[in-house]
Amino acid sequence: METLQEIAKAMVAAGKGILAADESPGTAGKRLASINTESTPDSRRQYREVFLGTEGVENYLSGVIFHDETFRQSLSTGVSFVELLQGLGIIPGIKVDMGLQDLPNFSGEKYTQGITGLKERLAEYYAMGARFAKWRAAFSIGENLPSDTCVETNCVAMAMYALLCQEAGIVPIVEPEILLEGSHSIEESYEVTTRVLKELFATLKRYKVQMDGVILKSSMVISGNKNENRANAATVGEMTIKCLKESVPSEVPGVVFLSGGQIADEATENLYEINKAASLSEGGVPWQLTFSYARALQGPSLASWNGHDENIPAARERFLERMKANSAARMGEVA
Ligand code: 13P
């Protein structure tokens, strides 16, 4: 499997999805703090091993996204995480953006940094086995937010990142996350998501990014988490499909969704409804629609593990449950 097109297709293979295990050391530290565990390189390594050491992950995962730290770490057996995945036929991926910064003069808005040195970093990651990468931009919905400037700035950076990835033989995941935080309605989410995705794909096109060698990681079209009258899952499904059909080129092989702070069951139900709406929509859809969750796959398991070795089997059981449920949902089925 070598071409961008082959890799991209394998990333969204039937019945499978992607585990986002790429929380920065800071964010992983917050997850560990929630179970009263000190965050050190080794405790973060153990946290990854709880999930990746689960027997049968290859039945549900097409790929795993790592942060630089984990990309260089190993299981307690000494086998590196990357080698483990390669042996299981799961594609190793790497988060390459360098995080969010405040956009000066645009209060409450962020831009994503990480283009400097990216060409060299991609060459190193490719040599170490990475075949896809991820870059995340984040947009808040609010009064006059996101601004056109914030959208444009982030889309240009994502296009440059995508170009450099494809040049390096790495499939870029472009992730413009519309944040769940806020009291916005699902209609506002629909408007903002559509606006951002249209601008993103217009920019990727201008930069001559190969559309059949890129994967979109999108948020769902969904009411804000503080909205008092949140739309139901069926509406999330229908409006997400409407938005994607208006903004994502048909050559793109797949759209993978982030969970964004939804509770685990909600993220599964919404993924099911998105796939259902896709199959019911006129002419169907040209893309595979699957999951690329961090919290909605790992959250319940983290609570079961609670930092204690004796709880690892139970934690892995819960991780398997989440993977099975989302694998079914991604096929428009209920587990
Ligand atoms: P969540 O599923 O927890 O939103 O994380 C996915 C992700 O990769 C965010 O960048």
# chains A, B, ... in the order shown; residues from 1 in each chain; ligands from 1

$ residues_near_ligand --ligand "ligand 1" --cutoff "7 Å" --atoms "only C-alpha atoms and all ligand atoms" --output "number ranges by chain"
A: 20, 22, 136, 258-261, 292-296

$ write_last_selection --atoms "C-alpha atoms" --output "mmCIF file, in the first residue's frame"
data_model
loop_
_atom_site.group_PDB
_atom_site.id
_atom_site.type_symbol
_atom_site.label_atom_id
_atom_site.label_comp_id
_atom_site.auth_asym_id
_atom_site.auth_seq_id
_atom_site.Cartn_x
_atom_site.Cartn_y
_atom_site.Cartn_z
ATOM 1 C CA ALA A 20 -7.226 9.761 17.944
ATOM 2 C CA ASP A 22 -2.777 12.223 19.856
ATOM 3 C CA ARG A 136 -6.344 20.718 13.614
ATOM 4 C CA LEU A 258 -14.341 13.980 15.989
ATOM 5 C CA SER A 259 -16.439 13.586 19.117
ATOM 6 C CA GLY A 260 -15.699 17.066 20.444
ATOM 7 C CA GLY A 261 -16.906 16.497 24.012
ATOM 8 C CA SER A 292 -11.924 9.413 14.564
ATOM 9 C CA TYR A 293 -12.705 9.873 18.223
ATOM 10 C CA ALA A 294 -10.464 10.448 21.196
ATOM 11 C CA ARG A 295 -12.732 11.068 24.189
ATOM 12 C CA ALA A 296 -15.766 9.096 22.934
#

$ residues_around --residues "A:Glu188" --least-positions-apart "5" --cutoff "10 Å" --atoms "only C-alpha atoms" --output "compact mmCIF listing (two decimals) with N, CA and C atoms, in the first residue's frame"
# COMPACT_ATOMS: atom_id res chain seq x y z
N ILE A 141 -18.11 29.32 17.67
CA ILE A 141 -19.31 29.98 17.15
C ILE A 141 -19.72 31.02 18.19
N GLY A 142 -19.95 32.25 17.73
CA GLY A 142 -20.37 33.31 18.65
C GLY A 142 -20.82 34.50 17.83
N SER A 183 -23.92 28.21 23.25
CA SER A 183 -25.38 28.02 23.31
C SER A 183 -25.99 28.08 21.91
N THR A 193 -20.35 25.58 9.85
CA THR A 193 -19.62 24.41 9.33
C THR A 193 -19.58 24.46 7.81
N THR A 194 -20.70 24.81 7.19
CA THR A 194 -20.75 24.87 5.72
C THR A 194 -19.80 25.96 5.21
N VAL A 221 -22.63 18.53 12.52
CA VAL A 221 -23.52 19.70 12.63
C VAL A 221 -24.43 19.40 13.81
N ILE A 222 -24.29 20.19 14.86
CA ILE A 222 -24.88 19.82 16.15
C ILE A 222 -25.12 21.07 16.99
N SER A 223 -26.12 21.04 17.85
CA SER A 223 -26.38 22.20 18.74
C SER A 223 -25.25 22.35 19.74
N GLY A 224 -25.02 23.57 20.17
CA GLY A 224 -23.99 23.84 21.19
C GLY A 224 -24.32 23.12 22.49

$ residues_around --residues "A:Met11" --least-positions-apart "6" --cutoff "8 Å" --atoms "only C-alpha atoms" --output "PyMOL selection string"
chain A and resi 17-18+62-63+91

$ residues_around --residues "A:Glu282" --least-positions-apart "5" --cutoff "12 Å" --atoms "only C-alpha atoms" --output "VMD selection string"
chain A and resid 238 241 to 242 245 277

$ closest_residue --among "A:Gly114, A:Pro41, A:Gly254, A:Gly182" --to "A:Ser140" --atoms "only C-alpha atoms"
A:Gly182

$ closest_residue --among "A:Tyr60, A:Tyr190, A:Tyr161, A:Trp287" --to "A:Ala8" --atoms "only C-alpha atoms"
A:Trp287

$ residues_around --residues "A:Val209" --least-positions-apart "6" --cutoff "8 Å" --atoms "only C-alpha atoms" --output "PyMOL selection string"
chain A and resi 159+162-163+166

$ write_last_selection --atoms "N, CA and C atoms" --output "PDB file, in the first residue's frame"
ATOM      1  N   ALA A 159      -3.949  24.220   3.884  1.00  0.00           N
ATOM      2  CA  ALA A 159      -3.623  23.890   2.491  1.00  0.00           C
ATOM      3  C   ALA A 159      -2.116  23.684   2.335  1.00  0.00           C
ATOM      4  N   ALA A 162      -1.270  20.406   3.844  1.00  0.00           N
ATOM      5  CA  ALA A 162      -1.727  19.281   3.006  1.00  0.00           C
ATOM      6  C   ALA A 162      -0.783  19.067   1.827  1.00  0.00           C
ATOM      7  N   LEU A 163      -0.350  20.181   1.247  1.00  0.00           N
ATOM      8  CA  LEU A 163       0.594  20.102   0.112  1.00  0.00           C
ATOM      9  C   LEU A 163       1.884  19.406   0.525  1.00  0.00           C
ATOM     10  N   GLN A 166       1.386  15.635   1.110  1.00  0.00           N
ATOM     11  CA  GLN A 166       1.261  14.831  -0.117  1.00  0.00           C
ATOM     12  C   GLN A 166       2.613  14.712  -0.814  1.00  0.00           C
TER      13      GLN A 166
END

$ closest_residue --among "A:Glu23, A:Leu244, A:Ser76, A:Leu145" --to "A:Met98" --atoms "only C-alpha atoms"
A:Glu23

$ closest_residue --among "A:Phe51, A:Ala315, A:Ala234, A:Pro92" --to "A:Leu280" --atoms "only C-alpha atoms"
A:Ala234

$ residues_around --residues "A:Gln86" --least-positions-apart "6" --cutoff "12 Å" --atoms "only C-alpha atoms" --output "mmCIF file with N, CA, C and O atoms, in the first residue's frame"
data_model
loop_
_atom_site.group_PDB
_atom_site.id
_atom_site.type_symbol
_atom_site.label_atom_id
_atom_site.label_comp_id
_atom_site.auth_asym_id
_atom_site.auth_seq_id
_atom_site.Cartn_x
_atom_site.Cartn_y
_atom_site.Cartn_z
ATOM 1 N N MET A 1 0.852 -1.199 0.000
ATOM 2 C CA MET A 1 0.000 0.000 0.000
ATOM 3 C C MET A 1 0.889 1.251 0.000
ATOM 4 O O MET A 1 1.476 1.580 1.005
ATOM 5 N N GLU A 58 -7.420 -4.445 15.791
ATOM 6 C CA GLU A 58 -7.307 -4.391 14.325
ATOM 7 C C GLU A 58 -8.633 -4.682 13.621
ATOM 8 O O GLU A 58 -8.779 -4.397 12.432
ATOM 9 N N SER A 62 -8.643 1.321 11.598
ATOM 10 C CA SER A 62 -7.849 1.373 10.361
ATOM 11 C C SER A 62 -6.550 2.135 10.609
ATOM 12 O O SER A 62 -5.542 1.910 9.953
ATOM 13 N N GLY A 63 -6.601 3.058 11.576
ATOM 14 C CA GLY A 63 -5.435 3.889 11.849
ATOM 15 C C GLY A 63 -5.465 4.431 13.266
ATOM 16 O O GLY A 63 -6.514 4.423 13.921
ATOM 17 N N VAL A 64 -4.313 4.856 13.740
ATOM 18 C CA VAL A 64 -4.209 5.514 15.050
ATOM 19 C C VAL A 64 -3.363 6.772 14.857
ATOM 20 O O VAL A 64 -2.307 6.720 14.218
ATOM 21 N N VAL A 79 8.262 -3.607 22.290
ATOM 22 C CA VAL A 79 7.836 -3.384 20.892
ATOM 23 C C VAL A 79 7.309 -1.952 20.792
ATOM 24 O O VAL A 79 6.490 -1.537 21.633
ATOM 25 N N SER A 80 7.758 -1.204 19.790
ATOM 26 C CA SER A 80 7.292 0.180 19.710
ATOM 27 C C SER A 80 5.821 0.209 19.282
ATOM 28 O O SER A 80 5.337 -0.721 18.629
ATOM 29 N N PRO A 92 -0.138 3.791 11.041
ATOM 30 C CA PRO A 92 0.290 4.800 12.022
ATOM 31 C C PRO A 92 0.171 6.219 11.450
ATOM 32 O O PRO A 92 0.585 6.481 10.319
ATOM 33 N N GLY A 93 -0.407 7.112 12.250
ATOM 34 C CA GLY A 93 -0.538 8.508 11.843
ATOM 35 C C GLY A 93 0.094 9.417 12.883
ATOM 36 O O GLY A 93 0.329 9.010 14.025
ATOM 37 N N MET A 128 9.982 6.872 9.738
ATOM 38 C CA MET A 128 9.644 6.085 10.938
ATOM 39 C C MET A 128 8.350 5.297 10.774
ATOM 40 O O MET A 128 7.949 4.572 11.682
ATOM 41 N N GLY A 129 7.650 5.472 9.639
ATOM 42 C CA GLY A 129 6.464 4.634 9.386
ATOM 43 C C GLY A 129 5.128 5.355 9.295
ATOM 44 O O GLY A 129 4.109 4.712 9.026
ATOM 45 N N ALA A 130 5.104 6.677 9.508
ATOM 46 C CA ALA A 130 3.814 7.381 9.418
ATOM 47 C C ALA A 130 3.349 7.423 7.962
ATOM 48 O O ALA A 130 4.149 7.682 7.065
ATOM 49 N N ARG A 131 2.061 7.167 7.749
ATOM 50 C CA ARG A 131 1.520 7.246 6.390
ATOM 51 C C ARG A 131 0.361 8.221 6.294
ATOM 52 O O ARG A 131 -0.170 8.456 5.228
#

$ residues_around --residues "A:Lys134" --least-positions-apart "4" --cutoff "9 Å" --atoms "only C-alpha atoms" --output "JSON, numbers by chain"
{"A": [65, 93, 94, 95, 96, 97, 171, 172, 173, 174, 175, 217]}

$ write_last_selection --atoms "N, CA, C and O atoms" --output "PDB file, in the first residue's frame"
ATOM      1  N   ILE A  65      -3.852   7.880  15.409  1.00  0.00           N
ATOM      2  CA  ILE A  65      -3.078   9.130  15.339  1.00  0.00           C
ATOM      3  C   ILE A  65      -2.299   9.282  16.640  1.00  0.00           C
ATOM      4  O   ILE A  65      -2.878   9.213  17.729  1.00  0.00           O
ATOM      5  N   GLY A  93      -0.407   7.112  12.250  1.00  0.00           N
ATOM      6  CA  GLY A  93      -0.538   8.508  11.843  1.00  0.00           C
ATOM      7  C   GLY A  93       0.094   9.417  12.883  1.00  0.00           C
ATOM      8  O   GLY A  93       0.329   9.010  14.025  1.00  0.00           O
ATOM      9  N   ILE A  94       0.330  10.656  12.502  1.00  0.00           N
ATOM     10  CA  ILE A  94       1.022  11.585  13.397  1.00  0.00           C
ATOM     11  C   ILE A  94       0.390  12.981  13.334  1.00  0.00           C
ATOM     12  O   ILE A  94       0.141  13.501  12.251  1.00  0.00           O
ATOM     13  N   LYS A  95       0.143  13.520  14.521  1.00  0.00           N
ATOM     14  CA  LYS A  95      -0.349  14.908  14.588  1.00  0.00           C
ATOM     15  C   LYS A  95       0.854  15.807  14.367  1.00  0.00           C
ATOM     16  O   LYS A  95       1.843  15.686  15.093  1.00  0.00           O
ATOM     17  N   VAL A  96       0.794  16.693  13.395  1.00  0.00           N
ATOM     18  CA  VAL A  96       1.986  17.505  13.119  1.00  0.00           C
ATOM     19  C   VAL A  96       1.804  18.998  13.378  1.00  0.00           C
ATOM     20  O   VAL A  96       2.774  19.749  13.305  1.00  0.00           O
ATOM     21  N   ASP A  97       0.565  19.429  13.654  1.00  0.00           N
ATOM     22  CA  ASP A  97       0.470  20.861  13.964  1.00  0.00           C
ATOM     23  C   ASP A  97       1.059  21.096  15.342  1.00  0.00           C
ATOM     24  O   ASP A  97       1.230  20.159  16.128  1.00  0.00           O
ATOM     25  N   VAL A 171      -0.743  10.993   3.738  1.00  0.00           N
ATOM     26  CA  VAL A 171      -2.106  11.501   3.521  1.00  0.00           C
ATOM     27  C   VAL A 171      -2.448  12.524   4.608  1.00  0.00           C
ATOM     28  O   VAL A 171      -2.376  12.209   5.800  1.00  0.00           O
ATOM     29  N   PRO A 172      -2.815  13.737   4.206  1.00  0.00           N
ATOM     30  CA  PRO A 172      -3.194  14.732   5.219  1.00  0.00           C
ATOM     31  C   PRO A 172      -4.640  14.565   5.671  1.00  0.00           C
ATOM     32  O   PRO A 172      -5.549  14.465   4.852  1.00  0.00           O
ATOM     33  N   ILE A 173      -4.847  14.521   6.992  1.00  0.00           N
ATOM     34  CA  ILE A 173      -6.198  14.715   7.520  1.00  0.00           C
ATOM     35  C   ILE A 173      -6.298  16.202   7.807  1.00  0.00           C
ATOM     36  O   ILE A 173      -5.467  16.746   8.552  1.00  0.00           O
ATOM     37  N   VAL A 174      -7.278  16.862   7.211  1.00  0.00           N
ATOM     38  CA  VAL A 174      -7.505  18.273   7.529  1.00  0.00           C
ATOM     39  C   VAL A 174      -8.675  18.328   8.501  1.00  0.00           C
ATOM     40  O   VAL A 174      -9.723  17.756   8.266  1.00  0.00           O
ATOM     41  N   GLU A 175      -8.443  18.987   9.635  1.00  0.00           N
ATOM     42  CA  GLU A 175      -9.455  18.988  10.699  1.00  0.00           C
ATOM     43  C   GLU A 175      -9.838  20.404  11.110  1.00  0.00           C
ATOM     44  O   GLU A 175      -9.201  20.997  11.979  1.00  0.00           O
ATOM     45  N   LYS A 217     -11.456  15.576   8.492  1.00  0.00           N
ATOM     46  CA  LYS A 217     -11.932  15.272   9.853  1.00  0.00           C
ATOM     47  C   LYS A 217     -12.825  16.423  10.258  1.00  0.00           C
ATOM     48  O   LYS A 217     -12.367  17.570  10.385  1.00  0.00           O
TER      49      LYS A 217
END

$ atom_distance --atom1 "atom CA of A:Ser250" --atom2 "atom CA of A:Leu216"
11.8 Å

$ select_by_dssp --residues "stretch 223-326 of chain A" --states "alpha helix (DSSP H)" --output "ChimeraX atom specification"
/A:233-247,264-280,295-305,312-326

$ closest_residue --among "A:Leu164, A:Val192, A:Ala14, A:Leu100" --to "A:Asn59" --atoms "only C-alpha atoms"
A:Ala14

$ closest_residue --among "A:Val156, A:Val57, A:Ile35, A:Leu88" --to "A:Leu297" --atoms "only C-alpha atoms"
A:Val57

$ atom_distance --atom1 "atom CA of A:Gly89" --atom2 "atom CA of A:Gly15"
14.4 Å

$ atom_distance --atom1 "atom CA of A:Cys150" --atom2 "atom CA of A:Gln113"
12.9 Å
